[in-house]
$ cat target.txt   # compact mmCIF, C-alpha atoms
# COMPACT_ATOMS: atom_id res chain seq x y z
CA MET A 1 62.52 43.02 -3.32
CA ASN A 2 62.15 43.11 -7.11
CA SER A 3 58.78 43.50 -8.79
CA LEU A 4 58.66 39.91 -10.06
CA LYS A 5 59.20 38.51 -6.56
CA LYS A 6 56.55 40.83 -5.19
CA ALA A 7 54.09 39.66 -7.82
CA VAL A 8 54.79 36.01 -7.00
CA LEU A 9 54.25 36.63 -3.28
CA VAL A 10 51.04 38.55 -3.88
CA LEU A 11 49.72 35.80 -6.15
CA ALA A 12 50.59 33.14 -3.58
CA ALA A 13 48.82 35.11 -0.87
CA LEU A 14 45.73 35.50 -3.02
CA LEU A 15 45.67 31.80 -3.83
CA LEU A 16 46.05 30.93 -0.14
CA LEU A 17 43.22 33.30 0.77
CA ALA A 18 41.00 31.91 -1.97
CA GLY A 19 41.68 28.36 -0.80
CA ALA A 20 40.95 29.22 2.80
CA SER A 21 37.64 30.84 1.96
CA ALA A 22 36.50 28.41 -0.74
CA GLN A 23 32.82 27.70 -0.33
CA ILE A 24 31.53 24.12 -0.37
CA ASN A 25 28.26 23.76 -2.26
CA LEU A 26 26.06 20.81 -1.33
CA ASN A 27 23.16 19.61 -3.44
CA MET A 28 20.25 18.22 -1.41
CA ASN A 29 17.53 16.26 -3.18
CA THR A 30 14.33 15.22 -1.39
CA LEU A 31 10.97 13.68 -2.17
CA PHE A 32 9.14 16.27 -0.07
CA HIS A 33 6.20 18.19 -1.45
CA SER A 34 3.41 20.45 -0.21
CA GLY A 35 3.81 21.37 3.49
CA ASP A 36 6.82 19.05 3.85
CA ALA A 37 8.69 20.91 1.12
CA GLN A 38 7.93 24.30 2.67
CA ALA A 39 9.18 23.13 6.06
CA MET A 40 12.44 21.77 4.66
CA GLU A 41 12.94 24.92 2.61
CA ARG A 42 12.62 26.91 5.82
CA ILE A 43 15.29 24.79 7.53
CA VAL A 44 17.70 24.93 4.59
CA THR A 45 17.25 28.70 4.27
CA ALA A 46 18.17 29.02 7.95
CA PHE A 47 21.22 26.81 7.37
CA ASN A 48 22.42 28.96 4.47
CA GLU A 49 21.94 32.13 6.51
CA ALA A 50 23.96 30.65 9.37
CA HIS A 51 26.89 29.48 7.21
CA THR A 52 29.26 31.19 4.83
CA ASP A 53 31.62 28.29 4.15
CA VAL A 54 28.92 25.77 3.18
CA GLN A 55 25.72 26.35 1.22
CA ILE A 56 22.91 23.93 0.33
CA THR A 57 21.00 23.96 -2.96
CA LEU A 58 17.63 22.28 -2.40
CA THR A 59 15.65 20.31 -4.99
CA GLN A 60 12.35 18.72 -3.91
CA GLY A 61 9.10 17.06 -4.85
CA GLN A 62 9.90 14.06 -7.08
CA TRP A 63 7.95 11.56 -4.95
CA ALA A 64 6.80 9.07 -7.59
CA ASP A 65 10.18 8.43 -9.26
CA TYR A 66 12.47 9.65 -6.52
CA TYR A 67 14.31 6.43 -5.75
CA ALA A 68 14.89 5.51 -9.39
CA GLN A 69 16.18 9.01 -10.07
CA LEU A 70 18.49 8.92 -7.05
CA TYR A 71 19.90 5.54 -8.05
CA ASN A 72 20.40 6.66 -11.65
CA ALA A 73 22.15 9.83 -10.45
CA VAL A 74 24.61 7.68 -8.52
CA VAL A 75 25.26 5.50 -11.57
CA ALA A 76 25.83 8.64 -13.64
CA ASN A 77 28.29 10.05 -11.06
CA ASP A 78 25.96 13.01 -10.57
CA ALA A 79 24.42 12.25 -7.18
CA PRO A 80 23.44 14.96 -4.69
CA GLN A 81 25.53 15.15 -1.55
CA ILE A 82 22.45 14.79 0.70
CA GLY A 83 19.31 12.75 0.04
CA VAL A 84 16.32 11.30 1.85
CA VAL A 85 15.47 7.61 2.19
CA HIS A 86 12.54 5.98 3.95
CA THR A 87 13.54 3.38 6.51
CA THR A 88 11.74 0.65 4.58
CA ASN A 89 13.67 1.47 1.39
CA LEU A 90 17.10 0.85 2.94
CA PRO A 91 17.56 -2.74 1.67
CA GLN A 92 16.76 -1.57 -1.85
CA MET A 93 18.88 1.61 -1.74
CA ALA A 94 21.93 0.62 0.36
CA ILE A 95 24.02 -0.06 -2.74
CA ALA A 96 23.60 3.60 -3.75
CA LEU A 97 24.41 5.05 -0.33
CA THR A 98 27.65 5.94 1.44
CA PRO A 99 28.28 3.89 4.61
CA LEU A 100 28.57 6.69 7.15
CA ASN A 101 30.79 4.68 9.48
CA ASP A 102 33.16 3.68 6.67
CA SER A 103 33.13 6.34 3.97
CA PRO A 104 36.03 7.28 1.68
CA ALA A 105 36.61 10.14 4.15
CA GLY A 106 36.53 7.83 7.19
CA ASP A 107 33.94 7.67 9.96
CA LEU A 108 31.59 10.55 9.17
CA LEU A 109 29.50 9.95 12.27
CA ASP A 110 32.52 10.60 14.47
CA ALA A 111 33.68 13.53 12.34
CA ALA A 112 30.29 15.25 12.52
CA GLY A 113 29.45 14.39 16.12
CA ILE A 114 26.46 12.17 15.29
CA SER A 115 25.70 9.43 17.82
CA ALA A 116 22.95 6.97 18.73
CA ASP A 117 22.07 8.58 22.05
CA GLN A 118 20.85 11.71 20.25
CA TYR A 119 17.95 9.89 18.55
CA ILE A 120 14.87 7.77 19.21
CA ALA A 121 16.41 4.33 19.68
CA ASP A 122 14.10 2.35 17.39
CA LEU A 123 14.57 4.83 14.55
CA TRP A 124 18.34 4.86 14.94
CA ASP A 125 18.57 1.06 15.11
CA ALA A 126 16.68 0.74 11.81
CA GLY A 127 19.39 2.66 9.96
CA GLU A 128 21.90 -0.19 9.72
CA PHE A 129 22.12 -2.74 6.93
CA GLU A 130 24.56 -5.64 6.66
CA GLY A 131 26.94 -4.22 9.25
CA ASN A 132 27.06 -0.60 8.08
CA ARG A 133 25.11 2.52 9.00
CA TYR A 134 23.55 4.39 6.12
CA LEU A 135 20.69 6.36 7.68
CA VAL A 136 20.45 9.27 10.12
CA PRO A 137 16.80 9.49 11.17
CA LEU A 138 14.95 12.75 10.61
CA ASP A 139 11.47 11.85 11.84
CA THR A 140 8.73 9.33 12.23
CA HIS A 141 5.31 9.77 10.66
CA MET A 142 2.02 7.87 10.65
CA PHE A 143 -1.73 7.89 10.03
CA GLY A 144 -4.33 9.08 12.53
CA LEU A 145 -7.97 10.21 12.58
CA TRP A 146 -8.88 13.79 11.65
CA TYR A 147 -12.51 14.82 12.08
CA ASN A 148 -14.72 17.85 11.40
CA ARG A 149 -16.20 19.13 14.66
CA ASP A 150 -19.01 21.07 12.94
CA ILE A 151 -20.12 17.97 11.05
CA PHE A 152 -20.00 15.96 14.28
CA GLU A 153 -22.30 18.45 15.95
CA ALA A 154 -24.68 18.50 12.97
CA ALA A 155 -24.84 14.69 13.13
CA GLY A 156 -25.66 14.74 16.84
CA LEU A 157 -22.20 13.51 17.87
CA ASP A 158 -19.99 14.83 20.65
CA PRO A 159 -17.01 16.58 18.99
CA ASP A 160 -15.03 16.10 22.19
CA SER A 161 -15.46 12.31 22.05
CA PRO A 162 -14.12 11.00 18.73
CA PRO A 163 -14.48 7.24 18.11
CA THR A 164 -11.94 4.95 19.71
CA ASN A 165 -13.14 1.56 18.44
CA ARG A 166 -15.00 -0.07 15.58
CA GLU A 167 -18.47 0.20 17.15
CA GLU A 168 -18.08 3.91 17.87
CA PHE A 169 -16.53 4.54 14.46
CA GLU A 170 -19.41 2.89 12.60
CA ALA A 171 -22.00 4.66 14.75
CA ALA A 172 -20.35 8.01 13.94
CA ALA A 173 -20.15 7.20 10.22
CA ASN A 174 -23.82 6.19 10.09
CA ALA A 175 -24.88 9.32 12.00
CA ILE A 176 -22.99 11.57 9.59
CA ARG A 177 -24.42 9.74 6.57
CA ASP A 178 -28.00 9.83 7.88
CA ASN A 179 -28.13 13.33 9.37
CA THR A 180 -25.91 15.53 7.21
CA ASP A 181 -25.09 16.16 3.55
CA ALA A 182 -21.41 15.37 4.16
CA TYR A 183 -19.46 12.27 3.25
CA ALA A 184 -18.99 10.21 6.40
CA VAL A 185 -15.45 8.86 6.19
CA HIS A 186 -12.42 8.32 4.00
CA MET A 187 -9.94 5.67 5.16
CA ALA A 188 -7.04 6.60 2.87
CA GLU A 189 -6.23 10.29 2.40
CA ASP A 190 -6.61 11.23 -1.28
CA GLY A 191 -7.58 7.72 -2.37
CA LEU A 192 -4.49 7.04 -4.49
CA ALA A 193 -3.69 3.36 -4.97
CA ARG A 194 -0.78 3.37 -2.50
CA LYS A 195 -2.95 5.09 0.13
CA LEU A 196 -5.73 2.51 -0.28
CA ALA A 197 -3.14 -0.23 0.17
CA ARG A 198 -1.96 1.44 3.37
CA ALA A 199 -5.54 1.43 4.66
CA TRP A 200 -5.80 -2.29 4.00
CA TYR A 201 -2.43 -2.78 5.72
CA TYR A 202 -3.47 -1.18 9.00
CA LEU A 203 -6.79 -3.02 9.02
CA TYR A 204 -4.92 -6.29 8.43
CA TRP A 205 -2.13 -5.62 10.94
CA GLY A 206 -4.80 -4.74 13.51
CA GLN A 207 -5.74 -8.43 13.54
CA ASP A 208 -2.22 -9.31 14.75
CA GLN A 209 -1.20 -10.54 11.31
CA GLU A 210 1.87 -10.05 9.10
CA LEU A 211 2.00 -9.88 5.31
CA PHE A 212 4.85 -12.39 4.91
CA ASP A 213 6.59 -15.05 6.94
CA ALA A 214 9.69 -14.10 8.92
CA GLY A 215 12.10 -15.08 6.15
CA PHE A 216 10.13 -13.45 3.34
CA THR A 217 9.78 -16.80 1.61
CA GLN A 218 6.02 -16.65 1.10
CA ALA A 219 2.95 -14.44 1.44
CA THR A 220 0.73 -15.00 4.47
CA PHE A 221 -2.11 -12.51 3.86
CA ASN A 222 -4.55 -14.57 1.78
CA ASN A 223 -6.51 -15.65 4.83
CA ASP A 224 -9.58 -14.75 6.88
CA ALA A 225 -7.85 -11.67 8.31
CA GLY A 226 -6.93 -10.41 4.86
CA LEU A 227 -10.49 -10.94 3.70
CA ALA A 228 -11.93 -9.15 6.75
CA ALA A 229 -9.62 -6.18 6.21
CA CYS A 230 -10.53 -6.01 2.53
CA GLU A 231 -14.25 -6.21 3.18
CA TYR A 232 -14.06 -3.55 5.87
CA LEU A 233 -12.23 -1.19 3.52
CA THR A 234 -14.79 -1.70 0.75
CA SER A 235 -17.63 -1.23 3.26
CA VAL A 236 -16.86 2.49 3.07
CA VAL A 237 -18.41 2.44 -0.40
CA ASP A 238 -20.93 -0.35 0.29
CA ASN A 239 -22.35 1.57 3.27
CA SER A 240 -22.52 4.83 1.31
CA TRP A 241 -20.05 6.47 3.68
CA ASN A 242 -18.16 7.72 0.63
CA ILE A 243 -17.77 7.10 -3.10
CA ALA A 244 -15.12 4.94 -4.75
CA ALA A 245 -13.58 7.92 -6.53
CA GLY A 246 -13.55 10.08 -3.41
CA ASP A 247 -10.53 12.26 -2.63
CA GLY A 248 -10.50 12.57 1.15
CA PHE A 249 -8.08 15.50 1.16
CA ARG A 250 -10.32 17.59 -1.09
CA GLN A 251 -13.50 16.52 0.66
CA PHE A 252 -12.15 17.34 4.11
CA THR A 253 -10.64 20.71 3.24
CA ALA A 254 -13.90 21.68 1.52
CA GLY A 255 -15.77 20.95 4.75
CA ASP A 256 -17.62 18.03 3.15
CA LEU A 257 -16.12 15.07 5.06
CA GLY A 258 -16.72 14.00 8.64
CA MET A 259 -13.72 11.72 9.29
CA LEU A 260 -10.43 11.27 7.44
CA VAL A 261 -7.56 8.87 8.07
CA ALA A 262 -4.48 10.85 7.09
CA GLY A 263 -0.88 11.46 8.05
CA ASN A 264 0.59 13.96 10.49
CA TRP A 265 1.63 16.14 7.52
CA PHE A 266 -2.06 17.03 7.06
CA TYR A 267 -1.99 19.52 9.96
CA TRP A 268 -1.14 22.63 7.99
CA THR A 269 -3.51 21.76 5.15
CA ALA A 270 -6.41 21.35 7.58
CA THR A 271 -5.48 24.49 9.47
CA GLU A 272 -5.12 26.66 6.38
CA ALA A 273 -8.55 25.45 5.22
CA GLY A 274 -10.04 27.34 8.17
CA LEU A 275 -11.92 24.34 9.54
CA ASP A 276 -13.00 23.61 13.09
CA TYR A 277 -11.43 20.18 13.27
CA GLY A 278 -10.08 17.71 15.81
CA PHE A 279 -7.55 14.91 15.80
CA ALA A 280 -7.62 11.52 17.51
CA MET A 281 -5.69 8.27 17.73
CA MET A 282 -6.42 5.56 15.20
CA PRO A 283 -9.50 3.63 16.37
CA GLU A 284 -9.25 -0.05 17.24
CA PHE A 285 -10.99 -1.58 14.22
CA PHE A 286 -10.21 -5.20 15.08
CA ASP A 287 -8.05 -6.75 17.82
CA SER A 288 -5.69 -3.84 18.39
CA ALA A 289 -5.23 -0.22 17.34
CA VAL A 290 -2.50 -0.15 14.69
CA THR A 291 -1.44 2.54 12.27
CA TRP A 292 0.67 2.61 9.13
CA GLY A 293 3.89 4.54 9.59
CA ASN A 294 7.40 5.09 8.32
CA SER A 295 10.42 7.34 8.87
CA HIS A 296 12.38 9.80 6.73
CA ASN A 297 16.16 9.56 7.03
CA LEU A 298 18.99 11.77 5.79
CA VAL A 299 21.68 10.05 3.73
CA ILE A 300 24.81 10.72 1.70
CA PRO A 301 24.50 9.01 -1.69
CA VAL A 302 27.59 7.40 -3.22
CA GLN A 303 29.80 10.19 -4.56
CA PRO A 304 32.12 10.14 -7.59
CA ALA A 305 35.64 8.86 -7.03
CA GLY A 306 37.96 11.64 -5.94
CA THR A 307 35.34 13.63 -4.07
CA PRO A 308 37.29 15.65 -1.47
CA ASP A 309 37.05 14.56 2.16
CA GLU A 310 35.83 18.00 3.16
CA VAL A 311 32.72 17.55 0.99
CA TYR A 312 31.79 14.33 2.80
CA ILE A 313 32.40 15.95 6.18
CA ALA A 314 30.43 19.07 5.24
CA ALA A 315 27.49 16.89 4.17
CA ALA A 316 27.57 14.96 7.44
CA GLU A 317 27.79 18.16 9.47
CA ALA A 318 24.87 19.62 7.49
CA ILE A 319 22.83 16.50 8.31
CA ARG A 320 23.63 17.01 12.00
CA TRP A 321 22.62 20.70 11.80
CA ILE A 322 19.33 19.93 10.06
CA ASN A 323 18.43 17.48 12.82
CA GLU A 324 19.51 19.89 15.54
CA ASN A 325 17.02 22.35 14.08
CA SER A 326 14.30 19.84 13.23
CA ASP A 327 11.87 21.28 15.77
CA ASP A 328 10.89 23.37 12.73
CA TRP A 329 10.31 20.09 10.89
CA GLY A 330 7.76 19.29 13.59
CA ILE A 331 6.20 22.75 13.79
CA TYR A 332 5.92 23.45 10.06
CA GLY A 333 6.05 19.95 8.56
CA GLY A 334 3.92 18.20 11.17
CA HIS A 335 6.36 15.29 11.72
CA ILE A 336 7.73 13.88 14.97
CA PRO A 337 11.46 14.79 15.06
CA ALA A 338 13.78 11.84 15.65
CA TYR A 339 16.42 14.07 17.26
CA ASN A 340 15.76 14.05 21.00
CA GLU A 341 16.57 17.68 21.79
CA ALA A 342 14.50 18.91 18.84
CA ARG A 343 11.53 16.79 19.89
CA THR A 344 11.61 18.29 23.38
CA SER A 345 12.33 21.89 22.38
CA GLN A 346 10.07 24.44 24.03
CA ASP A 347 9.24 26.01 20.67
CA LEU A 348 7.84 22.69 19.46
CA LEU A 349 6.01 21.90 22.70
CA ASP A 350 4.42 25.36 22.71
CA SER A 351 3.38 25.18 19.06
CA ASP A 352 -0.19 24.66 17.88
CA THR A 353 1.09 21.76 15.78
CA TRP A 354 2.15 19.91 18.90
CA GLN A 355 -0.95 20.82 20.89
CA VAL A 356 -3.43 19.89 18.15
CA SER A 357 -1.94 16.72 16.68
CA LEU A 358 1.74 15.92 17.24
CA ALA A 359 1.38 15.20 20.95
CA THR A 360 -1.25 12.58 20.09
CA PHE A 361 0.90 11.15 17.31
CA ALA A 362 3.76 10.88 19.81
CA GLN A 363 1.46 9.02 22.20
CA MET A 364 0.55 6.62 19.40
CA ALA A 365 4.22 5.94 18.75
CA GLU A 366 4.96 5.47 22.45
CA ALA A 367 1.99 3.08 22.73
CA GLY A 368 3.51 0.85 20.05
CA MET A 369 0.76 1.50 17.50
CA LEU A 370 3.10 2.25 14.60
CA HIS A 371 3.70 -0.57 12.12
CA TYR A 372 6.27 -0.24 9.35
CA PRO A 373 5.36 -1.39 5.85
CA ILE A 374 7.37 -3.92 3.83
CA THR A 375 11.12 -3.84 4.50
CA HIS A 376 12.71 -5.94 1.79
CA VAL A 377 14.99 -5.46 -1.19
CA ASP A 378 11.97 -6.02 -3.45
CA ALA A 379 9.66 -3.78 -1.39
CA PRO A 380 8.75 -1.45 -4.29
CA GLU A 381 7.57 -4.35 -6.45
CA LEU A 382 5.76 -6.00 -3.57
CA GLU A 383 4.00 -2.80 -2.59
CA ASP A 384 2.96 -2.25 -6.19
CA VAL A 385 1.25 -5.65 -6.09
CA PHE A 386 -0.92 -4.45 -3.22
CA ASN A 387 -1.46 -1.04 -4.80
CA VAL A 388 -2.86 -2.58 -7.97
CA HIS A 389 -5.06 -5.24 -6.38
CA ILE A 390 -6.49 -3.19 -3.50
CA GLU A 391 -7.34 -0.30 -5.81
CA GLN A 392 -9.20 -2.67 -8.14
CA VAL A 393 -11.20 -4.04 -5.22
CA TYR A 394 -12.05 -0.57 -3.95
CA ASN A 395 -13.19 0.51 -7.40
CA GLY A 396 -15.36 -2.58 -7.78
CA SER A 397 -13.49 -4.32 -10.60
CA LEU A 398 -12.30 -7.26 -8.44
CA THR A 399 -13.76 -9.20 -5.56
CA CYS A 400 -11.78 -9.34 -2.32
CA GLN A 401 -11.21 -13.08 -2.81
CA ALA A 402 -9.86 -12.61 -6.33
CA ALA A 403 -7.68 -9.68 -5.31
CA LEU A 404 -6.08 -11.53 -2.41
CA ALA A 405 -5.46 -14.65 -4.49
CA GLY A 406 -3.96 -12.62 -7.32
CA ALA A 407 -1.78 -10.58 -4.96
CA GLU A 408 -0.60 -13.74 -3.20
CA SER A 409 0.41 -15.39 -6.45
CA GLU A 410 2.26 -12.32 -7.71
CA ALA A 411 4.01 -11.66 -4.38
CA ASN A 412 5.20 -15.28 -4.15
CA ARG A 413 6.52 -15.08 -7.70
CA ILE A 414 8.60 -12.01 -6.77
CA LEU A 415 9.92 -13.58 -3.57
CA ASN A 416 10.91 -16.89 -5.19
CA ARG A 417 12.22 -15.96 -8.62

$ encode --input "target.txt" --output "structure tokens"
Amino acid sequence: MNSLKKAVLVLAALLLLAGASAQINLNMNTLFHSGDAQAMERIVTAFNEAHTDVQITLTQGQWADYYAQLYNAVVANDAPQIGVVHTTNLPQMAIALTPLNDSPAGDLLDAAGISADQYIADLWDAGEFEGNRYLVPLDTHMFGLWYNRDIFEAAGLDPDSPPTNREEFEAAANAIRDNTDAYAVHMAEDGLARKLARAWYYLYWGQDQELFDAGFTQATFNNDAGLAACEYLTSVVDNSWNIAAGDGFRQFTAGDLGMLVAGNWFYWTATEAGLDYGFAMMPEFFDSAVTWGNSHNLVIPVQPAGTPDEVYIAAAEAIRWINENSDDWGIYGGHIPAYNEARTSQDLLDSDTWQVSLATFAQMAEAGMLHYPITHVDAPELEDVFNVHIEQVYNGSLTCQAALAGAESEANRILNR
């Protein structure tokens, strides 16, 4: 064999070897921050350690502008291969997502071994839009009641009997206000506008009411129930249970707040603060106990034309792997995994996270207490209407009547333009 032929054969062998061992690099972009971000980083690190042929580069924390940035990345042909979308944002974001059952690389669900029976049925069912599946559920999450046991004792309350209804809740708030130096209650986490709106939502929904009619043709919240919910939310300030500018997260972690309505992600923050705290289901403030909730889902954004099939398949398989290992999402992120085997893993069930809070959150979900926010193509605009008006009421710059009337007018304008 002459030297030229040898060189050609060696080069061909090297090229074949390089092709066989080529690594697929997936970009994953999320809106997670704080404890959520740390939990997802842990899962992705484990994925990268377990794989040599596929690696994930993780970018996180752009909550406020996440959806606009994801959409713009798709338009610019620079989208990540894996993203996160809330269930309620599907109508708005579907145009920027790859239909998993009908992708350019075929049926990715079948290729990756992803099927409905592996997930909580309600969460899986919510992932379809106009005949296609776009979402693979990661979790469900919701608000509940966190309380400081030391403050309860100082106020003469039983820390083993947190309030379950409006009468008990008000009695506890008054006892904390009158017998301690602590703030009594915060109904909306850190008090940001969107959190205050969520508080009004769950107070309104708890009166067996909906924000809009079934066809989303008009607003239905400017009524007695909307007014009662608004007045109850502002009673937190009116009753001197807290101040309008209060940040419940900071107050609670400093040991200066008796009761806080916050999400399941608060577990690690409360624990790391070194507090003696408890967790309870959302009290029944009106006709029924209802909580605000949503779900995170893993998605494949629309990829540039010509993206190799193996990239789509690798992304789908990575989504499956993340869910298979999402017991860590429960343990370290504080969320309820949507993947059945992860939710029932012994590591999760034995964890302090499950024992302290997640088991109760799961009971709330099973009891039908979770209520999703607005699911509509114009959901971001509609939610912003509530954010603006409810915040102004809470801060004392609008009356409840004026806020509801203004929100109704603006919401109807959006729905009927």

$ residues_around --input "target.txt" --residues "A:Gln363" --least-positions-apart "4" --cutoff "12 Å" --atoms "all atoms listed in the file" --output "PyMOL selection string"
chain A and resi 142+144+280-282+336+354+357-359+367-370

$ closest_residue --input "target.txt" --among "A:Gln23, A:Asn264, A:Gln62, A:Asn297" --to "A:Asn89" --atoms "only C-alpha atoms"
A:Asn297

$ atom_distance --input "target.txt" --atom1 "atom CA of A:Leu233" --atom2 "atom CA of A:Ala182"
18.9 Å

$ atom_distance --input "target.txt" --atom1 "atom CA of A:Ala50" --atom2 "atom CA of A:Tyr134"
26.5 Å

$ closest_residue --input "target.txt" --among "A:Gln60, A:Gln55, A:Gln69, A:Asp327" --to "A:Glu341" --atoms "only C-alpha atoms"
A:Asp327

$ decode --input "target.txt" --residues "stretch 330-352 of chain A" --atoms "N, CA and C atoms" --output "PDB file, in the first residue's frame"
ATOM      1  N   GLY A 330     -37.924  18.375  43.594  1.00  0.00           N
ATOM      2  CA  GLY A 330     -38.752  18.452  44.788  1.00  0.00           C
ATOM      3  C   GLY A 330     -37.937  18.704  46.037  1.00  0.00           C
ATOM      4  N   ILE A 331     -36.863  17.944  46.211  1.00  0.00           N
ATOM      5  CA  ILE A 331     -36.065  18.034  47.440  1.00  0.00           C
ATOM      6  C   ILE A 331     -35.395  19.402  47.562  1.00  0.00           C
ATOM      7  N   TYR A 332     -34.768  19.867  46.493  1.00  0.00           N
ATOM      8  CA  TYR A 332     -33.952  21.079  46.567  1.00  0.00           C
ATOM      9  C   TYR A 332     -34.638  22.316  45.993  1.00  0.00           C
ATOM     10  N   GLY A 333     -35.695  22.127  45.207  1.00  0.00           N
ATOM     11  CA  GLY A 333     -36.423  23.267  44.663  1.00  0.00           C
ATOM     12  C   GLY A 333     -37.751  23.491  45.354  1.00  0.00           C
ATOM     13  N   GLY A 334     -38.228  22.468  46.065  1.00  0.00           N
ATOM     14  CA  GLY A 334     -39.471  22.596  46.818  1.00  0.00           C
ATOM     15  C   GLY A 334     -40.738  22.449  46.001  1.00  0.00           C
ATOM     16  N   HIS A 335     -40.635  21.967  44.753  1.00  0.00           N
ATOM     17  CA  HIS A 335     -41.806  21.815  43.885  1.00  0.00           C
ATOM     18  C   HIS A 335     -42.308  20.372  43.887  1.00  0.00           C
ATOM     19  N   ILE A 336     -43.561  20.197  43.494  1.00  0.00           N
ATOM     20  CA  ILE A 336     -44.136  18.857  43.379  1.00  0.00           C
ATOM     21  C   ILE A 336     -43.824  18.319  41.981  1.00  0.00           C
ATOM     22  N   PRO A 337     -42.984  17.277  41.859  1.00  0.00           N
ATOM     23  CA  PRO A 337     -42.649  16.760  40.528  1.00  0.00           C
ATOM     24  C   PRO A 337     -43.890  16.242  39.803  1.00  0.00           C
ATOM     25  N   ALA A 338     -43.948  16.518  38.510  1.00  0.00           N
ATOM     26  CA  ALA A 338     -45.059  16.024  37.697  1.00  0.00           C
ATOM     27  C   ALA A 338     -44.845  14.577  37.284  1.00  0.00           C
ATOM     28  N   TYR A 339     -43.588  14.148  37.230  1.00  0.00           N
ATOM     29  CA  TYR A 339     -43.233  12.794  36.803  1.00  0.00           C
ATOM     30  C   TYR A 339     -43.547  11.827  37.941  1.00  0.00           C
ATOM     31  N   ASN A 340     -44.392  10.838  37.667  1.00  0.00           N
ATOM     32  CA  ASN A 340     -44.928   9.989  38.728  1.00  0.00           C
ATOM     33  C   ASN A 340     -43.855   9.281  39.546  1.00  0.00           C
ATOM     34  N   GLU A 341     -42.886   8.667  38.878  1.00  0.00           N
ATOM     35  CA  GLU A 341     -41.867   7.919  39.615  1.00  0.00           C
ATOM     36  C   GLU A 341     -40.987   8.835  40.450  1.00  0.00           C
ATOM     37  N   ALA A 342     -40.741  10.055  39.972  1.00  0.00           N
ATOM     38  CA  ALA A 342     -39.953  11.002  40.764  1.00  0.00           C
ATOM     39  C   ALA A 342     -40.720  11.448  41.996  1.00  0.00           C
ATOM     40  N   ARG A 343     -42.025  11.645  41.819  1.00  0.00           N
ATOM     41  CA  ARG A 343     -42.847  12.124  42.940  1.00  0.00           C
ATOM     42  C   ARG A 343     -42.983  11.068  44.037  1.00  0.00           C
ATOM     43  N   THR A 344     -42.806   9.821  43.689  1.00  0.00           N
ATOM     44  CA  THR A 344     -42.949   8.749  44.678  1.00  0.00           C
ATOM     45  C   THR A 344     -41.601   8.119  45.028  1.00  0.00           C
ATOM     46  N   SER A 345     -40.506   8.774  44.649  1.00  0.00           N
ATOM     47  CA  SER A 345     -39.191   8.219  44.975  1.00  0.00           C
ATOM     48  C   SER A 345     -38.969   8.252  46.478  1.00  0.00           C
ATOM     49  N   GLN A 346     -38.269   7.257  46.992  1.00  0.00           N
ATOM     50  CA  GLN A 346     -38.041   7.180  48.432  1.00  0.00           C
ATOM     51  C   GLN A 346     -37.197   8.343  48.924  1.00  0.00           C
ATOM     52  N   ASP A 347     -36.244   8.796  48.085  1.00  0.00           N
ATOM     53  CA  ASP A 347     -35.416   9.931  48.485  1.00  0.00           C
ATOM     54  C   ASP A 347     -36.271  11.167  48.742  1.00  0.00           C
ATOM     55  N   LEU A 348     -37.261  11.389  47.873  1.00  0.00           N
ATOM     56  CA  LEU A 348     -38.142  12.540  48.065  1.00  0.00           C
ATOM     57  C   LEU A 348     -39.024  12.347  49.294  1.00  0.00           C
ATOM     58  N   LEU A 349     -39.621  11.166  49.423  1.00  0.00           N
ATOM     59  CA  LEU A 349     -40.541  10.930  50.532  1.00  0.00           C
ATOM     60  C   LEU A 349     -39.835  10.969  51.889  1.00  0.00           C
ATOM     61  N   ASP A 350     -38.549  10.654  51.900  1.00  0.00           N
ATOM     62  CA  ASP A 350     -37.780  10.684  53.146  1.00  0.00           C
ATOM     63  C   ASP A 350     -37.192  12.060  53.441  1.00  0.00           C
ATOM     64  N   SER A 351     -37.288  12.977  52.492  1.00  0.00           N
ATOM     65  CA  SER A 351     -36.634  14.274  52.648  1.00  0.00           C
ATOM     66  C   SER A 351     -37.388  15.185  53.614  1.00  0.00           C
ATOM     67  N   ASP A 352     -36.657  16.090  54.238  1.00  0.00           N
ATOM     68  CA  ASP A 352     -37.296  17.090  55.104  1.00  0.00           C
ATOM     69  C   ASP A 352     -38.247  17.960  54.299  1.00  0.00           C
TER      70      ASP A 352
END
